[in-house]
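Worksheet: one structure, shown below.
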Amino acid sequence: MMKRISALALITYKEGIRNRSLFGILAFALFVLGLNIAVAGFFMREVGKVTVDMNLSALTFSGLLLVFFVALNLMAKDIDKKTIQLVFSKPISRAEYIIGKYLGIQVFILVSLSVLFTMSTATVFLVKNIYPGYFSGFSWSAFFIASFFVFLKLAVLSAILVFFSTITTSSFACLIFTVCVYLVGETLEDVIFYIKSGFRTEDISEALQGFIDIISYVFPNFSLFDFKLEAAHGLAVAPTRLGFGLFYGVLYIFIILSFACLFFQRREFH
Amino acid sequence: MRSKRLSIILLLVVLIGVHIFLSRNMWQHRAEVRQTTKAGYVLPSKYSRVLAVGNKGLLADFLFLKTTTFYGERVVHKQNLSEEDWEYVLSGLESVTDLDPYFQDPYIFAEGILTWGVGKIDEANQFLKKGMKYRTHDWRLPYYLGFNHFYFKKDLPKGADYLMQASRLPNSPNFLPKLAARLGYYGDRAKTAILFLKGMILETQDEGVRKFLLKRQTALERASWIEEQIVKFKAEQFRPPANLGELVIFGYVDLFPEDPYGGQWMIMPNGRVFSTSKFVEPQRKKDQDTNPERKK
């Protein structure tokens with residue numbers, strides 16, 4: 001079984017690497033990192049903080065482009081072009097197909113993100129050498145941790161993309177659903193805490209409160225993977241927070257992929 | 001075929017020429033528009049933090065850059081900031097510090113622009129206190145708070161308290177305990193202010209701000225020197241001088257040093273030496289006079 005899954009993952013990875021939009025994403029990342037070097041000098045003291053902010057945001061945004069465009073293409077192409085019939089003519093189960101595809105996408109994202117991360121590290125190193133006196137609070141370990149959690153967030157998001165590709169018939173609908181989940185996941189925490197805080201002027205109805213409670217369990221809370229602030233200021237992160245984030249992310253991936261396998265079993269291809 | 005290609009190239013040359021001409025005009029037009037445009041609206045942080053979709057730090061950087069550029073443009077074109085402009089700058093800094101409360105630059109920027117000649121001391125203090133909640137390791141914030149209480153609010157005990165707080169924080173300069181003691185026991189404003197300014201100059205890397213502080217230091221040093229001559233006069237003549245001219249008549253001063261801001265020295269009712277320039281540049285003085293807060 002592992003042999004079949006790894007073979008499918010390898011094909012998916014190769015297919016992803018060959019995708020030409022990868023060059024566009026790399027060019028975008030290069031542009032942002034170059035912009036970082038130019039813009040860093042506009043700030044008074046916290047050049048290090050601005051550099052880390054820009055690098056981590058560039059990493060996140062490039063990663064999102066990878067998931068929304070390249071990973072989506074990898075997932076939907078087989079179904080859109082009906083080549084999936086060919087795959088299923090081989091001795092491979094539907095669950096193996098989903099897991100193989102997901103792992104292939106993960107390897108592709110990991111490799112692409114590693115390239116972007118190397119570029120990003122080089123930029124930080126360069127700006128740190130240009131403005132050595134303005135990186136007092138900077139910590140490489142905090143920067144690495146934040147970058148790793150960017151990858152974990154993309155891993156959760158690509159699991160969601162795989163899930164939607166099993167229940168939708170069009171890749172565009174899959175993209176829209178995944179983007180929506182991403183936006184909800186990113187804003188969920190702020191919205192929930194705002195509602196619970198005393199700042200709001202109007203009372204929230206019980207029905208809405210119940211709906212928000214359900215949403216808080218169904219959608220992933222991406223704020224759990226956000227360590228940009230800590231990386232920007234070199235703040236210490238409690239190991240429990242890291243462990244909790246890691247466990248939450250891995251568990252969510254397993255649950256969502258299980259659902260994807262379940263729905264994909266029942267799917268009919270005409 | 002060849003003539004067709006030639007005509008396309010010619011058309012392109014003409015279009016590019018027109019484009020360059022229009023672009024040059026466009027930038028001039030935009031510069032005029034930006035100077036005359038009223039301050040914009042800053043979205044409160046409770047909304048912008050949601051819209052930042054996980055990039056609160058980056059949004060804080062962008063908003064800070066926007067706020068400093070807006071202020072810088074007004075200063076460069078020697079335009080006085082209206083109350084609406086100040087509202088924009090303050091709400092911009094508020095949003096930036098809400099999005100990233102650990103960001104040091106907005107607190108330092110607020111201290112720099114809201115105090116000297118503007119009189120928004122309470123607002124500056126609010127920002128510094130907010131920063132102290134998060135940047136618990138940063139001695140600069142209580143140091144500036146101490147200075148504001150001492151110099152602008154004239155609350156010497158509180159100023160001394162903040163300085164003592166600053167002196168206990170890591171990497172704080174070793175002159176801070178001495179400064180706090182001086183503030184607490186003597187409250188000698190001119191000399192204490194000079195010590196404060198020396199500390200600030202040591203910390204300042206920006207050439208423009210450094211020049212500004214050095215000029216102020218010179219003014220205070222000169223005022224302090226005249227005050228010393230008044231003390232000598234009092235000790236020997238058993239009365240304070242009626243005016244500064246008496247210092248020359250009795251031989252305590254040959255020639256008064258020049259006020260670097262171009263004003264005339266005078267003795268205040270409380271016996272301290274000050275200048276008609278109020279130690280502000282002519283442009284800023286006009287700004288100060290129109291400021292209702294300072295009129296009070």
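Labels used: A, B, ... for chains in the order of the structure tokens, numbers from 1 for residues in each chain, and numbers from 1 for ligands as shown.
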Set the distance at 8 Å and use only C-alpha atoms: which residues neighbour Tyr71 (chain B) once local chain neighbours fewer than 4 positions away are removed? I'd like the list as a PyMOL selection string. chain B and resi 67+75+89
Selected residues written out with N, CA and C atoms, as a compact mmCIF listing (two decimals), in the first residue's frame:
# COMPACT_ATOMS: atom_id res chain seq x y z
N THR B 67 1.44 56.99 7.98
CA THR B 67 1.28 58.08 8.94
C THR B 67 2.52 58.98 8.95
N VAL B 75 5.30 68.65 7.01
CA VAL B 75 6.44 69.37 7.58
C VAL B 75 7.35 69.90 6.47
N VAL B 89 -3.24 61.61 12.38
CA VAL B 89 -1.94 61.08 12.84
C VAL B 89 -2.13 60.27 14.12
For chain A, work out the contacting residues on chain B at 10 Å, counting only C-alpha atoms, and write them as an mmCIF file with C-alpha atoms, in the first residue's frame.
data_model
loop_
_atom_site.group_PDB
_atom_site.id
_atom_site.type_symbol
_atom_site.label_atom_id
_atom_site.label_comp_id
_atom_site.auth_asym_id
_atom_site.auth_seq_id
_atom_site.Cartn_x
_atom_site.Cartn_y
_atom_site.Cartn_z
ATOM 1 C CA LYS B 46 -10.851 46.249 15.758
ATOM 2 C CA TYR B 47 -11.833 46.068 12.063
ATOM 3 C CA ARG B 49 -7.004 43.467 12.498
ATOM 4 C CA VAL B 50 -9.701 41.222 10.969
ATOM 5 C CA LEU B 51 -9.073 42.551 7.452
ATOM 6 C CA ALA B 52 -5.324 41.978 7.821
ATOM 7 C CA VAL B 53 -6.000 38.200 7.460
ATOM 8 C CA GLY B 54 -3.086 37.072 9.577
ATOM 9 C CA ASN B 55 -0.699 39.863 8.574
ATOM 10 C CA LYS B 56 -1.247 42.311 11.428
ATOM 11 C CA GLY B 57 2.482 43.059 11.702
ATOM 12 C CA LEU B 58 2.746 43.937 8.021
ATOM 13 C CA LEU B 59 -0.386 46.100 8.181
ATOM 14 C CA ALA B 60 1.087 47.895 11.216
ATOM 15 C CA ASP B 61 4.292 48.584 9.238
ATOM 16 C CA PHE B 62 2.299 49.903 6.273
ATOM 17 C CA PHE B 64 3.060 53.502 10.283
ATOM 18 C CA LEU B 65 4.816 54.310 7.019
ATOM 19 C CA THR B 68 4.926 59.176 8.982
ATOM 20 C CA THR B 69 4.804 60.042 5.271
ATOM 21 C CA LEU B 99 -2.043 45.943 15.650
ATOM 22 C CA ASP B 100 1.492 45.475 16.973
ATOM 23 C CA PRO B 101 1.834 46.803 20.540
ATOM 24 C CA TYR B 102 5.496 45.702 20.693
ATOM 25 C CA PHE B 103 6.488 47.977 17.760
ATOM 26 C CA GLN B 104 8.859 50.603 19.207
ATOM 27 C CA ASP B 105 8.938 53.138 16.356
ATOM 28 C CA PRO B 106 5.384 54.552 16.786
ATOM 29 C CA ILE B 108 9.274 57.100 19.751
ATOM 30 C CA PHE B 109 7.652 58.911 16.813
ATOM 31 C CA ARG B 135 7.801 46.670 26.042
ATOM 32 C CA THR B 204 19.550 59.542 18.357
ATOM 33 C CA GLN B 205 20.877 58.277 15.055
ATOM 34 C CA ASP B 206 18.781 60.481 12.786
#
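Across A:Leu72, A:Ile92, A:Ala38, A:Ile17, the tightest approach to Met1 (chain A) is made by A:Ile92 when counting only C-alpha atoms.
One distance worth recording is that between CA of Phe247 (chain A) and CA of Val150 (chain A), which is 14.7 Å.
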Quick check, in Å to one decimal: how far apart do CA of Phe31 (chain A) and CA of Phe125 (chain A) lie?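 So the answer is 16.7 Å.
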Return as number ranges by chain the full set of residues in region 15-221 of chain B whose backbone-based DSSP assignment is helix (DSSP H, G or I). B: 15-36, 45-51, 56-76, 83-99, 104-114, 121-134, 140-152, 156-167, 176-185, 189-203, 207-221
Shell of 7 Å around Gly146 (chain B), only C-alpha atoms, local chain residues under 4 positions omitted, as a PyMOL selection string: chain B and resi 142+150+159-160+162-163
Selection file, N, CA and C atoms, as a PDB file, in the first residue's frame:
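Output saved as result.pdb:
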ATOM      1  N   PRO B 142       9.888  54.712  29.721  1.00  0.00           N
ATOM      2  CA  PRO B 142       9.780  55.457  30.986  1.00  0.00           C
ATOM      3  C   PRO B 142      10.707  56.668  31.030  1.00  0.00           C
ATOM      4  N   PHE B 150       8.736  66.007  33.759  1.00  0.00           N
ATOM      5  CA  PHE B 150       9.642  67.014  34.297  1.00  0.00           C
ATOM      6  C   PHE B 150       9.560  68.319  33.497  1.00  0.00           C
ATOM      7  N   GLY B 159       8.181  62.605  37.487  1.00  0.00           N
ATOM      8  CA  GLY B 159       9.275  62.496  36.523  1.00  0.00           C
ATOM      9  C   GLY B 159      10.397  61.647  37.109  1.00  0.00           C
ATOM     10  N   ALA B 160      10.725  61.912  38.387  1.00  0.00           N
ATOM     11  CA  ALA B 160      11.794  61.152  39.049  1.00  0.00           C
ATOM     12  C   ALA B 160      11.423  59.673  39.161  1.00  0.00           C
ATOM     13  N   TYR B 162       9.507  57.880  37.148  1.00  0.00           N
ATOM     14  CA  TYR B 162       9.665  57.225  35.836  1.00  0.00           C
ATOM     15  C   TYR B 162      11.148  57.015  35.508  1.00  0.00           C
ATOM     16  N   LEU B 163      11.961  58.001  35.873  1.00  0.00           N
ATOM     17  CA  LEU B 163      13.395  57.855  35.598  1.00  0.00           C
ATOM     18  C   LEU B 163      13.989  56.704  36.394  1.00  0.00           C
TER      19      LEU B 163
END
Ranking B:Ile230, B:Gln165, B:Leu197, B:Val76 by minimum distance to Arg210 (chain B) and counting only C-alpha atoms, which one comes first?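 That would be B:Leu197, the residue with the smallest distance to Arg210 (chain B).
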Using only C-alpha atoms, which of the listed residues (A:Ile105, A:Ile99, A:Leu65, A:Val156) sits closest to Pro220 (chain A)? A:Val156
So how many Å separate CA of Val218 (chain A) and CA of Leu262 (chain A), to one decimal? 17.2 Å
All residues 10 Å or closer to region 32-37 of chain B, only C-alpha atoms, same chain fewer than 5 positions away omitted, as an MDAnalysis selection string: chainID B and resid 26:27 70 73:74 77 79
Write the selection just made, keeping C-alpha atoms, as a tab-separated table (two decimals), in the first residue's frame?
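So again11.tsv came out as:
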chain	number	residue	atom	x	y	z
B	26	MET	CA	0.53	63.34	-13.41
B	27	TRP	CA	3.24	63.29	-10.68
B	70	PHE	CA	1.67	62.14	5.80
B	73	GLU	CA	4.90	65.84	3.73
B	74	ARG	CA	3.16	68.48	5.84
B	77	HIS	CA	6.02	71.82	2.75
B	79	GLN	CA	2.22	73.42	6.36
Give me, as a ChimeraX atom specification, all polymer residues having an atom no more than 7 Å from Leu154 (chain A), counting only C-alpha atoms and skipping those fewer than 3 positions away in the same chain. /A:63-64,150-151,157-158
Output file for the selection above: N, CA and C atoms, as a compact mmCIF listing (two decimals), in the first residue's frame:
# COMPACT_ATOMS: atom_id res chain seq x y z
N GLY A 63 3.05 30.92 -0.37
CA GLY A 63 2.52 29.59 -0.03
C GLY A 63 1.05 29.47 -0.38
N LEU A 64 0.30 30.54 -0.11
CA LEU A 64 -1.14 30.52 -0.43
C LEU A 64 -1.34 30.40 -1.93
N VAL A 150 4.09 28.40 9.25
CA VAL A 150 3.50 28.82 7.96
C VAL A 150 3.26 27.56 7.12
N PHE A 151 4.25 26.65 7.15
CA PHE A 151 4.11 25.39 6.41
C PHE A 151 2.95 24.56 6.96
N LEU A 157 -4.46 23.82 5.10
CA LEU A 157 -5.24 24.42 4.00
C LEU A 157 -5.29 23.47 2.79
N SER A 158 -4.18 22.81 2.50
CA SER A 158 -4.21 21.90 1.35
C SER A 158 -5.05 20.66 1.65
Using only C-alpha atoms, determine which residues lie at most 12 Å from Val111 (chain A), disregarding the query and same-chain residues fewer than 4 positions distant; provide the list as a ChimeraX atom specification. /A:13-14,16-17,22,63,66,104-107,115-118,151
What lies within 9 Å of Phe28 (chain A) using only C-alpha atoms, ignoring chain neighbours under 4 positions off, as a list of chain:residue names? A:Phe23, A:Gly24, A:Val32, A:Leu33, A:Ala58, A:Ser62
Would you please work out which residue, of A:Phe259, A:Phe69, A:Tyr217, A:Phe193, is nearest to Phe164 (chain A) when using only C-alpha atoms? A:Phe259
